[in-house]
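The next block holds one structure in the form of structure tokens; read it before the comments.
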Amino acid sequence: MKNKPIIIICSILAIGIVGMTMLTYVNFVRGSLWEKSVYDILESTTAEQKSFKLYVEKDVENLTSILKGVSFEDEEVKISILQKLELEGINYVYVNLKEKTFINNSDKEQLPDEEVEKLKAFQSDKGIIKPYFNRNTGVKMVAVYVKSGDELIIKETRADYIAEQFSLSFYNDLGFSYIVDDTGNVLIRANHKNANRTMQNLFDIIDLEGNDKKTVKSFEDALLNHQKGYALFNYHDDANVFCYVPVGDIDGWYIVSIIQNDVIMTQANHIIIFTIILSLIIIGAIGCIVFIYRHDNRKHKNEIMYLAYYDTLTNLYNYQKFKEEGNKKIKDNSKNWAVIYIDIAGFKIINDLNGYKYGDKILKNLAGILSDSIPYQGITCHMTADKFLLMCDYKEKQDLVDLCAKIYQKFYLDLKSDGIEKERVMKFGICCLEDMIEIKNIDRLIDGSHLALTEVNMNRKDYYCFYNYTMRERIMEEAAIESKMEKALENKEFTLYLQPKYNVQGSHILGAEALVRWIDKSGNMVMPGDFIPIFEKNGFILKLDEYVFESVCEHLAGRIKKQLPVVSVSINVSRLHFYQADFLERYLNIKNKYRIPDYLLELEITENILLEDMKKVQEAIVELQSNGFICSIDDFGSGYSSLNALKNLSFDVIKLDKLFLDNTNNTERSEEIIKSIIDMAKQINIKTVAEGIETNEQLEFLKKTDCDMIQGYIFSRPLPIHEFEKLLN
Ligand code: C2E
Ligand code: CA
Ligand code: CA
């Protein structure tokens, strides 16, 4: 867009230059073609001049021999010879100046004195006599004579006959000639339609038309000086070219050819028109080529732009373009802006179960829903995999909630129509610019929306969450925890607590679960809920779990050594371990190092891991069991695991999730479900532990079932090791 004025200026300049060049060219062509035409006319005039000269010379030659022939003959013979020579329009006359007589084709007559004087005055003994009117016929005649002493022979020819003989026209009869004397008097005129019949002198017409005095003068001078040349004069309202050539031997006679300037320019004009048309065609062709090139170029550019700015799968903006556009929008202070981070719940499973093609279809569907739902000013992008971003303006925050609900509902129905029914299909993290205290830019907005999204994950009641400043504070706290964790492990700030597992009657301790506590130097206790999720994110959990595992082994080994009673202890194992190639090896090494007998160590694996890779987990469980570990599934019932899935896995223990038993809303139904789980577990030889049992009601219910163990505050909280040991002893 910026180049537009430049393009316009360049185009005008180019048109100007081409125009000027054409004009110059046209002028050049006209000039040179005109010159060539004038030269041609001069040539043809010269040719006329030559043939006229030859005609006269021939006459002179003939007359000379005639004169010789008739000189000594008597009168009768002279008359008969002259009679014989006579032709249509041509007479021969014999003159004797001494006798002052003349003889023609019929008789001898007396020549008047003035005529005798005139003939005597001829300087040359041969030549041409200016046209005159025949005394008898009154016809204009031109005569050629030869003189020898007092005798002359004259050949009289009708002027119009000569004009006819020399045609005196040229250029396809478009031009004509006059024979004039050196003062411009017309001697012989062409029988041409354009030739003036009355004009006596050339200068009469030239002067009449108001021609340039200087040009007229130089024409006059040229004639007087026997020069050959051309001049341009107005005549009959048109410009005419006058080409003049002296006849030569005949003193002061000229042939002047006249032709309309327009006529000789016609050919030039044809060439010029042809040239202009050709030029226009060439310019047009070049224009077409440039247009096609630019069009192609633009298309290519558009394609590149598309690749650079759009996501090819969904046709939405890509992340980069979204940020670019988002930053522009933020600058508009007149509106409230929000970024919504959208995440499809369990997309990986959908992908795994239905194939990537279906996964792509879902992403495209959602992209379509987003495009249809965003308000006028909004933009949206496909970020990665199942993550989308949306930015829009709003009046009240409720507008955003409504927008999310609308998107959610459409997407839910889409999945449902495909036979996929899920409790929650997607999550929204919403970050409003007005809630940002810190620097306000698109990156911060996206960060904020992502923070809000992780918050949805934590409290499972809703599918959206708004960003607020405390989230940022939590991030700060997380950062603080991360900065302290390594040192805390070195300083043994992580302390092992054990929570006993009882039989349903509460009379015997059958086992314990190792739960970690972070007690810093000043004695503050931090609960695992505050740091485990962070360690799971940053991987530090691998170190901590191993530390807890070793602490348990140390505790058991100590008691075994003292021959004190022991119970099996379960240790929580983060799912990250299953992606460590040396996990089993490391744990086994520790177990062996402390010589812990088989089946005293139990590994609790959280139910969520089953979502990720069932096959891998099953393989790991078998390995662990064959190395003397008890394997339990933790938090069973909190997520998606079904009883069916359990059948395919060889867990030794099921730990029923606390929430599962907490469910007081639908007691009867949930009790039934719990009962059937316990029954089924029993059938396939799996032990059951009920977690988080706090009330007598819960306990009474469990007593009616075959539940093997109770772990809950009702019997004991997690205890420091020495307290647990006291209890066990
Ligand atoms: P979990 O594995 O489900 O552990 C049981 C949690 O329930 C413990 O919380 C325990 O204190 C609590 N609890 C037991 N009985 C009751 C009860 O009657 N009522 C209530 N309200 N709570 C009860 P804790 O110790 O805060 O641990 C929380 C979670 O942190 C654990 O859940 C576990 O997932 C994780 N965790 C704790 N220690 C470790 C560890 O060493 N490694 C790993 N990876 N995770 C650990
Ligand atoms: Ca546990
Ligand atoms: Ca648990």
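Please note that chains go A, B, ... in the order of the structure tokens, that every chain numbers its residues from 1, and that ligands are numbered from 1 in the order shown.
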task: Please write out the residues within 8 Å of ligand 3 as a list in words, counting only C-alpha atoms and all ligand atoms.
output: Thr606, Asp634, Asp635, Phe636, Lys655, Leu656, Asp657, Lys658 and Glu691 of chain A
- prompt: So which residues are near ligand 2, meaning at most 7 Å away with only C-alpha atoms and all ligand atoms counted, given back as JSON, numbers by chain?
  reply: {"A": [513, 572, 604, 634]}
Please produce a file of those selected residues containing all heavy atoms, as an mmCIF file, in the first residue's frame.
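Contents of again_37.cif, as written:
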data_model
loop_
_atom_site.group_PDB
_atom_site.id
_atom_site.type_symbol
_atom_site.label_atom_id
_atom_site.label_comp_id
_atom_site.auth_asym_id
_atom_site.auth_seq_id
_atom_site.Cartn_x
_atom_site.Cartn_y
_atom_site.Cartn_z
ATOM 1 N N GLU A 513 1.004 -46.348 54.878
ATOM 2 C CA GLU A 513 1.363 -45.636 53.639
ATOM 3 C C GLU A 513 2.382 -44.562 53.996
ATOM 4 O O GLU A 513 2.215 -43.845 54.987
ATOM 5 C CB GLU A 513 0.148 -44.992 52.982
ATOM 6 C CG GLU A 513 0.544 -44.203 51.728
ATOM 7 C CD GLU A 513 -0.619 -43.581 50.950
ATOM 8 O OE1 GLU A 513 -1.788 -43.714 51.375
ATOM 9 O OE2 GLU A 513 -0.337 -42.964 49.905
ATOM 10 N N ASN A 572 4.267 -43.993 47.481
ATOM 11 C CA ASN A 572 3.678 -43.418 46.262
ATOM 12 C C ASN A 572 4.732 -43.298 45.169
ATOM 13 O O ASN A 572 5.849 -42.854 45.404
ATOM 14 C CB ASN A 572 3.100 -42.032 46.553
ATOM 15 C CG ASN A 572 1.862 -42.134 47.433
ATOM 16 O OD1 ASN A 572 0.805 -42.564 46.997
ATOM 17 N ND2 ASN A 572 2.047 -41.793 48.715
ATOM 18 N N GLU A 604 2.463 -47.613 45.140
ATOM 19 C CA GLU A 604 1.131 -47.079 44.794
ATOM 20 C C GLU A 604 1.243 -46.277 43.490
ATOM 21 O O GLU A 604 2.020 -45.338 43.386
ATOM 22 C CB GLU A 604 0.610 -46.169 45.908
ATOM 23 C CG GLU A 604 0.234 -46.937 47.158
ATOM 24 C CD GLU A 604 -0.532 -46.055 48.154
ATOM 25 O OE1 GLU A 604 -0.942 -44.929 47.784
ATOM 26 O OE2 GLU A 604 -0.700 -46.506 49.304
ATOM 27 N N ASP A 634 -3.806 -46.559 43.032
ATOM 28 C CA ASP A 634 -4.183 -45.520 43.988
ATOM 29 C C ASP A 634 -5.317 -44.670 43.427
ATOM 30 O O ASP A 634 -5.465 -44.541 42.209
ATOM 31 C CB ASP A 634 -2.943 -44.634 44.244
ATOM 32 C CG ASP A 634 -3.082 -43.820 45.523
ATOM 33 O OD1 ASP A 634 -4.107 -43.976 46.218
ATOM 34 O OD2 ASP A 634 -2.157 -43.025 45.809
#
- request: Tell me which protein, DNA and RNA residues are within 10 Å of Lys335 (chain A), counting only C-alpha atoms, leaving out same-chain ones fewer than 3 positions away, and put them as a list in words.
  value: Lys329, Ile330, Lys331, Asp332, Ala338, Cys392, Asp393, Tyr394, Lys395 and Leu433 of chain A
Selection from above, C-alpha atoms, as a compact mmCIF listing (two decimals), in the first residue's frame, can you write it?
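New file part.txt:
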# COMPACT_ATOMS: atom_id res chain seq x y z
CA LYS A 329 -5.84 -4.94 19.29
CA ILE A 330 -4.58 -4.31 22.81
CA LYS A 331 -3.61 -0.81 21.74
CA ASP A 332 -7.31 -0.01 21.29
CA ALA A 338 -9.74 -10.90 26.91
CA CYS A 392 -12.19 -10.78 21.77
CA ASP A 393 -13.67 -7.67 23.32
CA TYR A 394 -16.55 -7.76 25.80
CA LYS A 395 -18.81 -5.52 27.84
CA LEU A 433 -6.70 -7.33 30.31
message: I need the helix (DSSP H, G or I) residues of region 242-448 of chain A per DSSP on the backbone, written as a PyMOL selection string.
response: chain A and resi 261-309+319-330+347-354+356-373+397-417+433-435+442-448
Could you take the residues named above and write them with C-alpha atoms, as an mmCIF file, in the first residue's frame?
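Written out: selection-v9.cif:
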data_model
loop_
_atom_site.group_PDB
_atom_site.id
_atom_site.type_symbol
_atom_site.label_atom_id
_atom_site.label_comp_id
_atom_site.auth_asym_id
_atom_site.auth_seq_id
_atom_site.Cartn_x
_atom_site.Cartn_y
_atom_site.Cartn_z
ATOM 1 C CA ASN A 261 2.310 18.622 -48.912
ATOM 2 C CA ASP A 262 -0.485 16.426 -47.507
ATOM 3 C CA VAL A 263 -0.191 14.103 -50.472
ATOM 4 C CA ILE A 264 3.439 13.384 -49.948
ATOM 5 C CA MET A 265 2.802 13.030 -46.220
ATOM 6 C CA THR A 266 0.121 10.331 -46.722
ATOM 7 C CA GLN A 267 2.700 7.615 -47.062
ATOM 8 C CA ALA A 268 4.513 8.929 -44.000
ATOM 9 C CA ASN A 269 1.216 9.045 -42.132
ATOM 10 C CA HIS A 270 0.501 5.426 -43.047
ATOM 11 C CA ILE A 271 3.883 4.372 -41.725
ATOM 12 C CA ILE A 272 3.356 6.444 -38.582
ATOM 13 C CA ILE A 273 -0.103 5.007 -37.935
ATOM 14 C CA PHE A 274 1.270 1.533 -38.506
ATOM 15 C CA THR A 275 4.139 2.278 -36.130
ATOM 16 C CA ILE A 276 1.790 3.664 -33.468
ATOM 17 C CA ILE A 277 -0.489 0.630 -33.729
ATOM 18 C CA LEU A 278 2.534 -1.676 -33.537
ATOM 19 C CA SER A 279 3.859 0.245 -30.534
ATOM 20 C CA LEU A 280 0.484 0.057 -28.815
ATOM 21 C CA ILE A 281 0.339 -3.692 -29.441
ATOM 22 C CA ILE A 282 3.854 -4.103 -28.029
ATOM 23 C CA ILE A 283 3.036 -1.911 -25.007
ATOM 24 C CA GLY A 284 -0.201 -3.847 -24.539
ATOM 25 C CA ALA A 285 1.659 -7.153 -24.725
ATOM 26 C CA ILE A 286 4.266 -5.937 -22.241
ATOM 27 C CA GLY A 287 1.430 -4.676 -20.031
ATOM 28 C CA CYS A 288 -0.222 -8.097 -20.215
ATOM 29 C CA ILE A 289 3.024 -9.849 -19.354
ATOM 30 C CA VAL A 290 3.633 -7.484 -16.437
ATOM 31 C CA PHE A 291 0.053 -7.986 -15.262
ATOM 32 C CA ILE A 292 0.298 -11.780 -15.477
ATOM 33 C CA TYR A 293 3.681 -11.688 -13.748
ATOM 34 C CA ARG A 294 2.362 -9.461 -10.975
ATOM 35 C CA HIS A 295 -0.756 -11.545 -10.647
ATOM 36 C CA ASP A 296 1.339 -14.720 -10.371
ATOM 37 C CA ASN A 297 3.702 -13.007 -8.029
ATOM 38 C CA ARG A 298 0.859 -11.850 -5.819
ATOM 39 C CA LYS A 299 -0.619 -15.337 -5.827
ATOM 40 C CA HIS A 300 2.734 -16.756 -4.833
ATOM 41 C CA LYS A 301 3.132 -14.077 -2.194
ATOM 42 C CA ASN A 302 -0.333 -14.875 -0.877
ATOM 43 C CA GLU A 303 0.587 -18.533 -0.642
ATOM 44 C CA ILE A 304 3.732 -17.706 1.303
ATOM 45 C CA MET A 305 1.780 -15.300 3.494
ATOM 46 C CA TYR A 306 -0.754 -18.025 4.084
ATOM 47 C CA LEU A 307 1.926 -20.493 5.136
ATOM 48 C CA ALA A 308 3.503 -17.874 7.350
ATOM 49 C CA TYR A 309 0.303 -16.741 9.027
ATOM 50 C CA TYR A 319 0.272 -18.622 17.018
ATOM 51 C CA GLN A 320 2.698 -16.058 15.588
ATOM 52 C CA LYS A 321 0.033 -14.222 13.612
ATOM 53 C CA PHE A 322 -2.369 -14.346 16.540
ATOM 54 C CA LYS A 323 0.165 -12.623 18.755
ATOM 55 C CA GLU A 324 0.888 -10.030 16.090
ATOM 56 C CA GLU A 325 -2.799 -9.204 15.616
ATOM 57 C CA GLY A 326 -3.463 -9.436 19.345
ATOM 58 C CA ASN A 327 -0.820 -6.862 20.127
ATOM 59 C CA LYS A 328 -2.442 -4.481 17.655
ATOM 60 C CA LYS A 329 -5.836 -4.939 19.287
ATOM 61 C CA ILE A 330 -4.579 -4.314 22.813
ATOM 62 C CA PHE A 347 -7.745 -35.286 23.292
ATOM 63 C CA LYS A 348 -4.897 -37.752 23.389
ATOM 64 C CA ILE A 349 -7.226 -40.582 24.298
ATOM 65 C CA ILE A 350 -9.706 -39.565 21.607
ATOM 66 C CA ASN A 351 -6.804 -39.593 19.157
ATOM 67 C CA ASP A 352 -5.566 -42.979 20.330
ATOM 68 C CA LEU A 353 -8.948 -44.602 20.338
ATOM 69 C CA ASN A 354 -10.289 -43.171 17.078
ATOM 70 C CA TYR A 356 -5.420 -39.335 14.003
ATOM 71 C CA LYS A 357 -7.750 -38.726 11.097
ATOM 72 C CA TYR A 358 -10.648 -38.445 13.473
ATOM 73 C CA GLY A 359 -8.510 -36.317 15.785
ATOM 74 C CA ASP A 360 -7.877 -33.918 12.911
ATOM 75 C CA LYS A 361 -11.562 -33.834 12.133
ATOM 76 C CA ILE A 362 -12.310 -32.825 15.716
ATOM 77 C CA LEU A 363 -9.724 -30.049 15.577
ATOM 78 C CA LYS A 364 -11.243 -28.765 12.346
ATOM 79 C CA ASN A 365 -14.724 -28.929 13.869
ATOM 80 C CA LEU A 366 -13.628 -26.915 16.837
ATOM 81 C CA ALA A 367 -11.865 -24.402 14.577
ATOM 82 C CA GLY A 368 -15.146 -23.990 12.717
ATOM 83 C CA ILE A 369 -17.074 -23.518 15.950
ATOM 84 C CA LEU A 370 -14.577 -20.927 17.153
ATOM 85 C CA SER A 371 -14.689 -19.000 13.875
ATOM 86 C CA ASP A 372 -18.482 -18.976 13.982
ATOM 87 C CA SER A 373 -18.674 -17.974 17.612
ATOM 88 C CA LYS A 397 -17.353 -10.766 31.991
ATOM 89 C CA GLN A 398 -20.609 -12.671 31.751
ATOM 90 C CA ASP A 399 -20.346 -12.199 27.948
ATOM 91 C CA LEU A 400 -17.190 -14.277 28.044
ATOM 92 C CA VAL A 401 -18.818 -16.965 30.175
ATOM 93 C CA ASP A 402 -21.705 -17.075 27.701
ATOM 94 C CA LEU A 403 -19.283 -17.316 24.805
ATOM 95 C CA CYS A 404 -17.485 -20.255 26.446
ATOM 96 C CA ALA A 405 -20.807 -21.937 27.198
ATOM 97 C CA LYS A 406 -21.870 -21.548 23.586
ATOM 98 C CA ILE A 407 -18.624 -23.038 22.272
ATOM 99 C CA TYR A 408 -18.725 -25.783 24.864
ATOM 100 C CA GLN A 409 -22.293 -26.744 24.012
ATOM 101 C CA LYS A 410 -21.655 -26.901 20.270
ATOM 102 C CA PHE A 411 -18.519 -28.965 20.698
ATOM 103 C CA TYR A 412 -20.207 -31.257 23.188
ATOM 104 C CA LEU A 413 -23.020 -31.947 20.732
ATOM 105 C CA ASP A 414 -20.492 -32.500 17.927
ATOM 106 C CA LEU A 415 -18.715 -35.194 19.939
ATOM 107 C CA LYS A 416 -21.988 -36.671 21.090
ATOM 108 C CA SER A 417 -23.163 -37.055 17.508
ATOM 109 C CA LEU A 433 -6.702 -7.330 30.308
ATOM 110 C CA GLU A 434 -8.362 -5.338 33.096
ATOM 111 C CA ASP A 435 -7.225 -7.970 35.628
ATOM 112 C CA ILE A 442 -0.354 -10.267 24.431
ATOM 113 C CA ASP A 443 2.258 -12.648 25.881
ATOM 114 C CA ARG A 444 1.155 -11.798 29.398
ATOM 115 C CA LEU A 445 -2.483 -12.221 28.434
ATOM 116 C CA ILE A 446 -1.769 -15.656 26.962
ATOM 117 C CA ASP A 447 0.283 -16.597 30.026
ATOM 118 C CA GLY A 448 -2.537 -15.484 32.260
#
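A straight line drawn from CA of Phe724 (chain A) to CA of Gly523 (chain A) is 19.9 Å long.
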Any chance you could tabulate, as a tab-separated table, the residues of chain A at most 8 Å from ligand 1 with each one's nearest atom pair and distance in Å to one decimal, using only C-alpha atoms and all ligand atoms, in chain and rising number order?
residue	atom	partner	partner_atom_place_in_ligand_line	distance
A:Leu496	CA	ligand 1	41 (O)	7.8
A:Gln499	CA	ligand 1	14 (C)	7.2
A:Glu513	CA	ligand 1	4 (O)	7.8
A:Ala514	CA	ligand 1	41 (O)	6.4
A:Leu515	CA	ligand 1	38 (N)	3.8
A:Val516	CA	ligand 1	38 (N)	4.2
A:Arg517	CA	ligand 1	38 (N)	7.2
A:Met527	CA	ligand 1	26 (O)	5.5
A:Pro528	CA	ligand 1	30 (O)	4.7
A:Gly529	CA	ligand 1	28 (C)	5.3
A:Ile532	CA	ligand 1	45 (N)	6.1
A:Glu536	CA	ligand 1	44 (N)	7.9
A:Ile541	CA	ligand 1	44 (N)	6.3
A:Leu544	CA	ligand 1	41 (O)	6.7
A:Asp545	CA	ligand 1	42 (N)	4.9
A:Val548	CA	ligand 1	41 (O)	5.5
A:Phe549	CA	ligand 1	41 (O)	7.7
A:Ile571	CA	ligand 1	41 (O)	6.5
A:Asn572	CA	ligand 1	43 (C)	4.5
A:Val573	CA	ligand 1	44 (N)	4.8
A:Ser574	CA	ligand 1	44 (N)	4.4
A:Glu604	CA	ligand 1	2 (O)	7.4
A:Thr606	CA	ligand 1	34 (O)	7.5
A:Asp634	CA	ligand 1	2 (O)	6.6
A:Asp635	CA	ligand 1	3 (O)	5.9
A:Asp657	CA	ligand 1	3 (O)	7.1
A:Lys658	CA	ligand 1	7 (O)	7.3
A:Glu691	CA	ligand 1	15 (N)	6.0
A:Gly692	CA	ligand 1	18 (O)	3.4
A:Ile693	CA	ligand 1	18 (O)	4.4
A:Glu694	CA	ligand 1	18 (O)	4.4
A:Gln711	CA	ligand 1	15 (N)	5.7
A:Gly712	CA	ligand 1	15 (N)	3.5
A:Tyr713	CA	ligand 1	18 (O)	3.7
A:Ile714	CA	ligand 1	18 (O)	6.1
A:Ser716	CA	ligand 1	15 (N)	7.6
A:Arg717	CA	ligand 1	15 (N)	6.2
A:Pro718	CA	ligand 1	11 (O)	5.7
field: Residue contacts of Val569 (chain A) (9 Å, only C-alpha atoms) excluding same-chain residues fewer than 4 positions away, as a list in words
entry: Leu498, Pro500, Gly511, Ala512, Glu513, Ala514, Val552, Leu556, Leu600, Leu601, Glu602 and Leu603 of chain A
Write the selection just made, keeping N, CA and C atoms, as a PDB file, in the first residue's frame?
ATOM      1  N   LEU A 498       4.045 -41.868  58.417  1.00  0.00           N
ATOM      2  CA  LEU A 498       3.399 -43.130  58.052  1.00  0.00           C
ATOM      3  C   LEU A 498       1.966 -43.121  58.557  1.00  0.00           C
ATOM      4  N   PRO A 500      -1.107 -45.563  59.272  1.00  0.00           N
ATOM      5  CA  PRO A 500      -1.412 -46.982  59.374  1.00  0.00           C
ATOM      6  C   PRO A 500      -2.680 -47.362  58.614  1.00  0.00           C
ATOM      7  N   GLY A 511      -0.854 -52.532  57.686  1.00  0.00           N
ATOM      8  CA  GLY A 511       0.129 -51.925  56.785  1.00  0.00           C
ATOM      9  C   GLY A 511       0.194 -50.432  57.056  1.00  0.00           C
ATOM     10  N   ALA A 512       0.938 -49.716  56.199  1.00  0.00           N
ATOM     11  CA  ALA A 512       1.041 -48.258  56.352  1.00  0.00           C
ATOM     12  C   ALA A 512       1.341 -47.636  54.996  1.00  0.00           C
ATOM     13  N   GLU A 513       1.004 -46.348  54.878  1.00  0.00           N
ATOM     14  CA  GLU A 513       1.363 -45.636  53.639  1.00  0.00           C
ATOM     15  C   GLU A 513       2.382 -44.562  53.996  1.00  0.00           C
ATOM     16  N   ALA A 514       3.422 -44.477  53.197  1.00  0.00           N
ATOM     17  CA  ALA A 514       4.447 -43.453  53.409  1.00  0.00           C
ATOM     18  C   ALA A 514       3.974 -42.161  52.779  1.00  0.00           C
ATOM     19  N   VAL A 552      11.873 -45.413  53.750  1.00  0.00           N
ATOM     20  CA  VAL A 552      11.008 -46.528  54.176  1.00  0.00           C
ATOM     21  C   VAL A 552      11.862 -47.788  54.368  1.00  0.00           C
ATOM     22  N   LEU A 556      12.320 -49.981  57.710  1.00  0.00           N
ATOM     23  CA  LEU A 556      12.014 -51.415  57.799  1.00  0.00           C
ATOM     24  C   LEU A 556      13.254 -52.197  58.213  1.00  0.00           C
ATOM     25  N   LEU A 600       7.118 -56.737  51.375  1.00  0.00           N
ATOM     26  CA  LEU A 600       6.997 -55.737  52.439  1.00  0.00           C
ATOM     27  C   LEU A 600       6.870 -54.343  51.832  1.00  0.00           C
ATOM     28  N   LEU A 601       7.299 -54.252  50.582  1.00  0.00           N
ATOM     29  CA  LEU A 601       7.251 -52.942  49.910  1.00  0.00           C
ATOM     30  C   LEU A 601       6.119 -52.951  48.894  1.00  0.00           C
ATOM     31  N   GLU A 602       5.299 -51.908  49.004  1.00  0.00           N
ATOM     32  CA  GLU A 602       4.165 -51.802  48.089  1.00  0.00           C
ATOM     33  C   GLU A 602       4.305 -50.489  47.323  1.00  0.00           C
ATOM     34  N   LEU A 603       4.073 -50.527  46.006  1.00  0.00           N
ATOM     35  CA  LEU A 603       4.180 -49.300  45.201  1.00  0.00           C
ATOM     36  C   LEU A 603       2.792 -48.860  44.769  1.00  0.00           C
TER      37      LEU A 603
END
Within 10 Å of region 256-259 of chain A: each region 179-244 of chain A residue with its shortest pair, only C-alpha atoms, as a Markdown table:
| residue | atom | partner | partner_atom | distance |
| --- | --- | --- | --- | --- |
| A:Ile179 | CA | A:Val256 | CA | 6.2 |
| A:Val180 | CA | A:Val256 | CA | 7.2 |
| A:Asp181 | CA | A:Val256 | CA | 9.9 |
| A:Gly184 | CA | A:Val256 | CA | 9.5 |
| A:Val186 | CA | A:Val256 | CA | 9.8 |
| A:Arg189 | CA | A:Val256 | CA | 9.9 |
| A:Ala190 | CA | A:Ser257 | CA | 9.9 |
| A:Asn194 | CA | A:Ile259 | CA | 9.5 |
| A:Ala195 | CA | A:Ile258 | CA | 9.0 |
| A:Leu202 | CA | A:Val256 | CA | 9.4 |
| A:Lys228 | CA | A:Val256 | CA | 9.8 |
| A:Gly229 | CA | A:Val256 | CA | 9.6 |
| A:Tyr230 | CA | A:Val256 | CA | 9.0 |
| A:Ala231 | CA | A:Ile258 | CA | 9.8 |
| A:Leu232 | CA | A:Ile258 | CA | 9.5 |
| A:Phe233 | CA | A:Ile258 | CA | 9.6 |
| A:Tyr235 | CA | A:Ile258 | CA | 9.7 |
| A:Asp238 | CA | A:Ile259 | CA | 9.9 |
| A:Ala239 | CA | A:Ile259 | CA | 8.7 |
| A:Asn240 | CA | A:Ile259 | CA | 5.4 |
| A:Val241 | CA | A:Ile259 | CA | 5.4 |
| A:Phe242 | CA | A:Ile258 | CA | 4.7 |
| A:Cys243 | CA | A:Ser257 | CA | 5.0 |
| A:Tyr244 | CA | A:Val256 | CA | 4.3 |
query: Quick one: distance from CA of Lys501 (chain A) to CA of Lys687 (chain A) in Å, one decimal?
result: 12.4 Å
task: Within 10 Å of Asn503 (chain A), counting only C-alpha atoms, which residues show up once you throw out same-chain ones fewer than 4 positions away? Write them as a ChimeraX atom specification, please.
output: /A:507-511,689,703,707-711
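When only C-alpha atoms are used to compute distances to Lys98 (chain A), the closest of the residues A:Val142, A:Val116, A:Leu451, A:Cys431 turns out to be A:Val116.
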- prompt: Mind checking DSSP for region 599-646 of chain A and telling me the strand (DSSP E or B) residues as a ChimeraX atom specification?
  reply: /A:601-606,630-636
Write a file of the selected residues as an mmCIF file, in the first residue's frame, keeping C-alpha atoms.
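Okay, this is what ended up in again_12.cif:
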data_model
loop_
_atom_site.group_PDB
_atom_site.id
_atom_site.type_symbol
_atom_site.label_atom_id
_atom_site.label_comp_id
_atom_site.auth_asym_id
_atom_site.auth_seq_id
_atom_site.Cartn_x
_atom_site.Cartn_y
_atom_site.Cartn_z
ATOM 1 C CA LEU A 601 7.251 -52.942 49.910
ATOM 2 C CA GLU A 602 4.165 -51.802 48.089
ATOM 3 C CA LEU A 603 4.180 -49.300 45.201
ATOM 4 C CA GLU A 604 1.131 -47.079 44.794
ATOM 5 C CA ILE A 605 0.501 -46.056 41.216
ATOM 6 C CA THR A 606 -2.101 -43.417 40.623
ATOM 7 C CA ILE A 630 3.306 -55.371 45.798
ATOM 8 C CA CYS A 631 1.543 -53.124 43.276
ATOM 9 C CA SER A 632 -1.512 -51.094 44.110
ATOM 10 C CA ILE A 633 -3.726 -48.779 42.125
ATOM 11 C CA ASP A 634 -4.183 -45.520 43.988
ATOM 12 C CA ASP A 635 -7.176 -43.173 43.947
ATOM 13 C CA PHE A 636 -9.305 -45.759 42.191
#
